[in-house]
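Remarks on the structure that follows.
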Amino acid sequence: MTNGGFDELESDVIENGLCTRCGACAASCPVNVLEFGKDGISINGDCIRCGTCLRICPGKGVNMSDHEKRLFSNSRGRSLGRRNGIYKERRHLTSARKEFIMTGYFGGRVTSILVAALEAGSIDAALLTDWTDDEALSTGKGILARTREEIIGAASSKYVFSSVLTLLPEVQKDPDIRSAAIVLLPCQVQAFRNMEMDPAAGHLTKKVRFLISLNCGAPNMSEENWKASISRLMGVPPGEVRSFRYRKISSTRIELEARTFNDEILRKEVFVSRFLRNVNRGPRWPRCDLCPDYSGELSDLSFGAPVIRTDRGMELVRNAEARGYLKRSSLKKTISQDITDLFVGSRKKLRYRRNLNKRKKMGAPFPIYR
């Protein structure tokens, strides 16, 4: 068992640009001295050097093969040609409910699945990421949604750092929550799977029955770079942007909403392609450039095109279909989703290999994925 303290996490992971800001260390700290904030992980109290934060941290890499054998009775060594990892089935689905299509970023599918699961009694709550107004563009807030209205209120995919994993102790202590679902980015999924297997953190994961991952092309940035990016799009100086959020309003356009420090609300519609080009202009978070996992390969169910990996993932999809929340995608949406997943997923893996080689040549620390 790894022993050590926050000082080692700070020197080996955070200072070397390997922190994913997943929040797992703050969630798992047995003495609650680690804090997750817009500036990352900090310590406020005395570390007991139990080593938990070091063991569950995905920053230095993840043993994907061991997790795959445990979860799927298979490993990546036998499926290297499958760009989406190991899975049972890949379906093209969209929400059958117009209200969810309009609130979601990619068609309201995750919202549909969660509401259907709540109605069926499969879950009592969902752990989600919502936008924050706390002067943090790079960080969302984790919320514990217990009702249909709360799930819908947090709709729309957020590709920002999130404190959602820090809600796990609250879930574990709540007697009214018997089963929960959690929506994560791939790095957070990796952290959760590490927590499951850790003797000091595993109890925090017991009530989470369903892991849903969002496909992630590594768009995370620092607070400074998010401000520069949003200021370019909105046409205001970076120092005036207090918070922002976005939502998809059509297949090609999104609406940006920025709040200034004078509490003025600015809205602007832009093409999704322009938004993505603008985001990609700025330097990404260093650790995002060192992650090969686009589709949340250790989840039960992942989106873009829904990739069903486990029986639990299949249960979620079938329940949503049976209750009339999901339907087959049109051919146009199917082709568009496939092209997006192929292009963005391939680009992320190529970028990972390129940056990994750069780190090796520089003699800099790098994450190891087995």
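Just remember, in the structure tokens the first chain shown is A, the second B, etc., residues are 1-based per chain, and ligands are 1-based in the order shown.
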Might you pull out every residue within 8 Å of Phe210 (chain A), with only C-alpha atoms counted and same-chain residues fewer than 2 positions away left off, and present them as a ChimeraX atom specification? /A:180-182,208,212,300,312-313
Go ahead and save the residues from that selection, with N, CA and C atoms, as a PDB file, in the first residue's frame.
```pdb
ATOM      1  N   ALA A 180     -27.475   5.499  -6.995  1.00  0.00           N
ATOM      2  CA  ALA A 180     -27.261   6.771  -7.691  1.00  0.00           C
ATOM      3  C   ALA A 180     -26.555   6.535  -9.020  1.00  0.00           C
ATOM      4  N   ALA A 181     -26.689   7.514  -9.886  1.00  0.00           N
ATOM      5  CA  ALA A 181     -25.924   7.554 -11.142  1.00  0.00           C
ATOM      6  C   ALA A 181     -25.015   8.767 -11.083  1.00  0.00           C
ATOM      7  N   ILE A 182     -23.909   8.707 -11.796  1.00  0.00           N
ATOM      8  CA  ILE A 182     -22.992   9.832 -11.829  1.00  0.00           C
ATOM      9  C   ILE A 182     -22.530  10.052 -13.268  1.00  0.00           C
ATOM     10  N   VAL A 208     -23.130   4.205  -5.845  1.00  0.00           N
ATOM     11  CA  VAL A 208     -23.171   4.623  -7.254  1.00  0.00           C
ATOM     12  C   VAL A 208     -23.269   3.371  -8.117  1.00  0.00           C
ATOM     13  N   ILE A 212     -21.842   7.081 -16.096  1.00  0.00           N
ATOM     14  CA  ILE A 212     -22.053   7.569 -17.453  1.00  0.00           C
ATOM     15  C   ILE A 212     -20.927   8.539 -17.789  1.00  0.00           C
ATOM     16  N   ASP A 300     -19.946   2.605 -17.641  1.00  0.00           N
ATOM     17  CA  ASP A 300     -21.015   1.664 -18.003  1.00  0.00           C
ATOM     18  C   ASP A 300     -21.636   2.044 -19.337  1.00  0.00           C
ATOM     19  N   ARG A 312     -25.244  -2.978 -16.765  1.00  0.00           N
ATOM     20  CA  ARG A 312     -25.872  -1.817 -16.136  1.00  0.00           C
ATOM     21  C   ARG A 312     -26.137  -0.722 -17.165  1.00  0.00           C
ATOM     22  N   GLY A 313     -25.190  -0.516 -18.060  1.00  0.00           N
ATOM     23  CA  GLY A 313     -25.414   0.439 -19.129  1.00  0.00           C
ATOM     24  C   GLY A 313     -26.567   0.036 -20.019  1.00  0.00           C
TER      25      GLY A 313
END
```
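Non-sequential neighbours of Asn44 (chain A) (distance at most 10 Å, separation of 4 or more positions within a chain, only C-alpha atoms) are Asn32, Val33, Leu34 and Glu35 of chain A.
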Residue nearest Thr103 (chain A) - candidates A:Arg318, A:Arg209, A:Arg247, A:Lys348, atoms counted: only C-alpha atoms: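 Among the listed residues, the smallest separation from Thr103 (chain A) belongs to A:Arg247.
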My list of candidates is A:Ala258, A:Cys187, A:Ile113, A:Val160. Which is closest to Cys19 (chain A) when distances are computed with only C-alpha atoms?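 Under the stated criterion, the closest residue is A:Cys187.
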I'd like a table as CSV: residues in region 19-55 of chain A with an atom no more than 12 Å from region 139-158 of chain A, each row giving the shortest atom pair and its distance in Å to one decimal, only C-alpha atoms counted, sorted by chain and rising residue number.
```
residue,atom,partner,partner_atom,distance
A:Arg21,CA,A:Thr139,CA,9.5
A:Cys22,CA,A:Thr139,CA,10.6
A:Gly23,CA,A:Gly142,CA,10.4
A:Ala27,CA,A:Gly142,CA,11.8
A:Phe36,CA,A:Thr139,CA,9.9
A:Gly37,CA,A:Thr139,CA,7.8
A:Lys38,CA,A:Thr139,CA,5.8
A:Asp39,CA,A:Thr139,CA,8.9
A:Gly40,CA,A:Thr139,CA,9.2
```
Measuring between only C-alpha atoms, which one of A:Leu290, A:Met102, A:Leu256, A:Leu298 shows the shortest distance to Arg359 (chain A)?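 Result for the nearest residue to Arg359 (chain A): A:Leu290.
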Using only C-alpha atoms, which of A:Glu196, A:Glu68, A:Asp133, A:Glu99 sits nearest Phe261 (chain A)?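 The answer is A:Asp133, which sits nearest to Phe261 (chain A).
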For Lys268 (chain A): contacts at 10 Å, only C-alpha atoms, fewer than 6 positions along chain excluded, given as a list in words: Leu233, Met234, Gly235, Tyr246, Ile254, Glu255, Leu256, Glu257 and Ala258 of chain A
Would you export the selected residues with all heavy atoms as a short mmCIF file (atom, residue, chain, number, x, y, z; two decimals), in the first residue's frame, please?
```cif
data_model
loop_
_atom_site.label_atom_id
_atom_site.label_comp_id
_atom_site.auth_asym_id
_atom_site.auth_seq_id
_atom_site.Cartn_x
_atom_site.Cartn_y
_atom_site.Cartn_z
N LEU A 233 -14.73 35.64 -28.01
CA LEU A 233 -16.02 35.32 -28.59
C LEU A 233 -17.07 36.39 -28.31
O LEU A 233 -17.90 36.71 -29.16
CB LEU A 233 -16.51 33.97 -28.05
CG LEU A 233 -15.88 32.72 -28.66
CD1 LEU A 233 -16.23 31.50 -27.84
CD2 LEU A 233 -16.36 32.54 -30.09
N MET A 234 -17.04 36.94 -27.09
CA MET A 234 -18.08 37.89 -26.68
C MET A 234 -17.72 39.33 -27.00
O MET A 234 -18.57 40.22 -26.92
CB MET A 234 -18.35 37.76 -25.18
CG MET A 234 -18.75 36.36 -24.72
SD MET A 234 -20.23 35.72 -25.54
CE MET A 234 -21.49 36.81 -24.88
N GLY A 235 -16.44 39.59 -27.34
CA GLY A 235 -16.04 40.95 -27.68
C GLY A 235 -15.92 41.88 -26.49
O GLY A 235 -16.20 43.07 -26.60
N TYR A 246 -23.02 27.86 -21.68
CA TYR A 246 -23.47 27.74 -23.06
C TYR A 246 -24.51 26.64 -23.16
O TYR A 246 -24.61 25.76 -22.30
CB TYR A 246 -22.29 27.45 -24.01
CG TYR A 246 -21.48 26.22 -23.68
CD1 TYR A 246 -21.94 24.94 -23.99
CD2 TYR A 246 -20.23 26.33 -23.06
CE1 TYR A 246 -21.20 23.82 -23.69
CE2 TYR A 246 -19.49 25.22 -22.76
CZ TYR A 246 -19.97 23.96 -23.07
OH TYR A 246 -19.23 22.85 -22.77
N ILE A 254 -24.64 27.28 -30.99
CA ILE A 254 -24.82 27.32 -29.54
C ILE A 254 -25.02 28.77 -29.12
O ILE A 254 -24.63 29.70 -29.83
CB ILE A 254 -23.61 26.72 -28.79
CG1 ILE A 254 -22.34 27.53 -29.07
CG2 ILE A 254 -23.42 25.26 -29.11
CD1 ILE A 254 -21.15 27.08 -28.24
N GLU A 255 -25.63 28.92 -27.95
CA GLU A 255 -25.80 30.25 -27.37
C GLU A 255 -24.85 30.39 -26.18
O GLU A 255 -24.86 29.57 -25.27
CB GLU A 255 -27.23 30.47 -26.89
CG GLU A 255 -27.44 31.86 -26.29
CD GLU A 255 -28.83 32.04 -25.70
OE1 GLU A 255 -29.09 31.45 -24.63
OE2 GLU A 255 -29.64 32.75 -26.31
N LEU A 256 -24.03 31.41 -26.22
CA LEU A 256 -23.13 31.73 -25.12
C LEU A 256 -23.78 32.78 -24.24
O LEU A 256 -24.41 33.72 -24.74
CB LEU A 256 -21.80 32.27 -25.63
CG LEU A 256 -20.95 31.36 -26.51
CD1 LEU A 256 -19.74 32.12 -27.01
CD2 LEU A 256 -20.53 30.12 -25.76
N GLU A 257 -23.64 32.62 -22.94
CA GLU A 257 -24.13 33.62 -22.00
C GLU A 257 -23.01 33.96 -21.03
O GLU A 257 -22.50 33.09 -20.33
CB GLU A 257 -25.35 33.10 -21.23
CG GLU A 257 -25.88 34.10 -20.20
CD GLU A 257 -27.03 33.53 -19.39
OE1 GLU A 257 -28.10 33.28 -19.98
OE2 GLU A 257 -26.84 33.31 -18.17
N ALA A 258 -22.61 35.21 -21.02
CA ALA A 258 -21.54 35.68 -20.12
C ALA A 258 -22.10 36.71 -19.15
O ALA A 258 -22.94 37.53 -19.52
CB ALA A 258 -20.39 36.27 -20.92
#
```
CA of Thr260 (chain A) to CA of Gly108 (chain A), distance in Å rounded to a single decimal: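 About the pair CA of Thr260 (chain A) and CA of Gly108 (chain A): they are 28.6 Å apart.
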Write out as number ranges by chain all residues of region 16-106 of chain A that backbone DSSP assigns to strand (DSSP E). A: 34-37, 40-43, 61-62, 89-90, 93-95
Shell of 12 Å around Leu9 (chain A), only C-alpha atoms, local chain residues under 2 positions omitted, as a ChimeraX atom specification: /A:2-7,11-19,25-26,34,41-43,47,49-60
Near Met221 (chain A), within 9 Å and counting only C-alpha atoms, which residues show up once chain neighbours fewer than 4 positions away are dropped, as a PyMOL selection string? chain A and resi 138+160-161+225-226+279+282-286+288
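The smallest atom-to-atom distance between Leu356 (chain A) and any of A:Pro292, A:Thr310, A:Asp198, A:Asn319, using only C-alpha atoms, is found for A:Pro292.
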Of the listed residues A:Leu316, A:Thr94, A:Arg309, A:Val241, that which approaches Ser73 (chain A) most closely, counting only C-alpha atoms: A:Arg309
Sorted by chain and rising residue number, which residues of region 116-162 of chain A lie within 12 Å of region 325-334 of chain A, and what are their closest atom pairs and distances in Å to one decimal, counting only C-alpha atoms, as a Markdown table?
```
| residue | atom | partner | partner_atom | distance |
| --- | --- | --- | --- | --- |
| A:Ala116 | CA | A:Tyr325 | CA | 6.9 |
| A:Ala117 | CA | A:Tyr325 | CA | 10.3 |
| A:Glu119 | CA | A:Tyr325 | CA | 11.2 |
```
Rounded to one decimal in Å, what is the spacing between CA of Ser243 (chain A) and CA of Phe275 (chain A)?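 So the answer is 16.4 Å.
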Write out as a short mmCIF file (atom, residue, chain, number, x, y, z; two decimals) with N, CA and C atoms, in the first residue's frame which residues come within 9 Å of Lys349 (chain A) when counting only C-alpha atoms, dropping same-chain ones fewer than 5 positions away.
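The result, written out as selection27.cif:
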```cif
data_model
loop_
_atom_site.label_atom_id
_atom_site.label_comp_id
_atom_site.auth_asym_id
_atom_site.auth_seq_id
_atom_site.Cartn_x
_atom_site.Cartn_y
_atom_site.Cartn_z
N LEU A 290 -2.31 14.77 -22.33
CA LEU A 290 -1.63 13.51 -22.04
C LEU A 290 -2.63 12.40 -21.70
N CYS A 291 -3.87 12.56 -22.17
CA CYS A 291 -4.91 11.56 -21.91
C CYS A 291 -5.35 10.94 -23.23
N PRO A 292 -5.31 9.61 -23.37
CA PRO A 292 -5.71 8.95 -24.61
C PRO A 292 -7.19 8.54 -24.63
N ASP A 293 -7.90 8.74 -23.51
CA ASP A 293 -9.26 8.21 -23.37
C ASP A 293 -10.29 9.24 -23.83
N TYR A 294 -10.83 9.06 -25.01
CA TYR A 294 -11.85 9.95 -25.55
C TYR A 294 -13.25 9.56 -25.08
N VAL A 344 -12.55 13.51 -33.64
CA VAL A 344 -12.08 14.05 -32.36
C VAL A 344 -11.36 12.99 -31.55
N ARG A 354 1.90 12.21 -29.29
CA ARG A 354 2.86 13.26 -29.61
C ARG A 354 3.40 13.93 -28.34
#
```
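Take CA of Leu128 (chain A) and CA of Glu321 (chain A): the distance between them is 21.7 Å.
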Please identify every residue of region 201-241 of chain A that has at least one atom no farther than 12 Å from an atom of region 166-179 of chain A, counting only C-alpha atoms, and for each give the shortest atom pair and the distance in Å to one decimal, arranged by chain then increasing number, as a tab-separated table.
```
residue	atom	partner	partner_atom	distance
A:Ala201	CA	A:Pro169	CA	9.7
A:Gly202	CA	A:Leu168	CA	10.6
A:His203	CA	A:Gln172	CA	7.6
A:Leu204	CA	A:Gln172	CA	5.7
A:Thr205	CA	A:Leu168	CA	6.9
A:Lys206	CA	A:Gln172	CA	7.5
A:Lys207	CA	A:Ser179	CA	5.0
A:Val208	CA	A:Ser179	CA	5.8
A:Arg209	CA	A:Ser179	CA	6.0
A:Phe210	CA	A:Ser179	CA	8.5
A:Leu211	CA	A:Ser179	CA	11.6
```
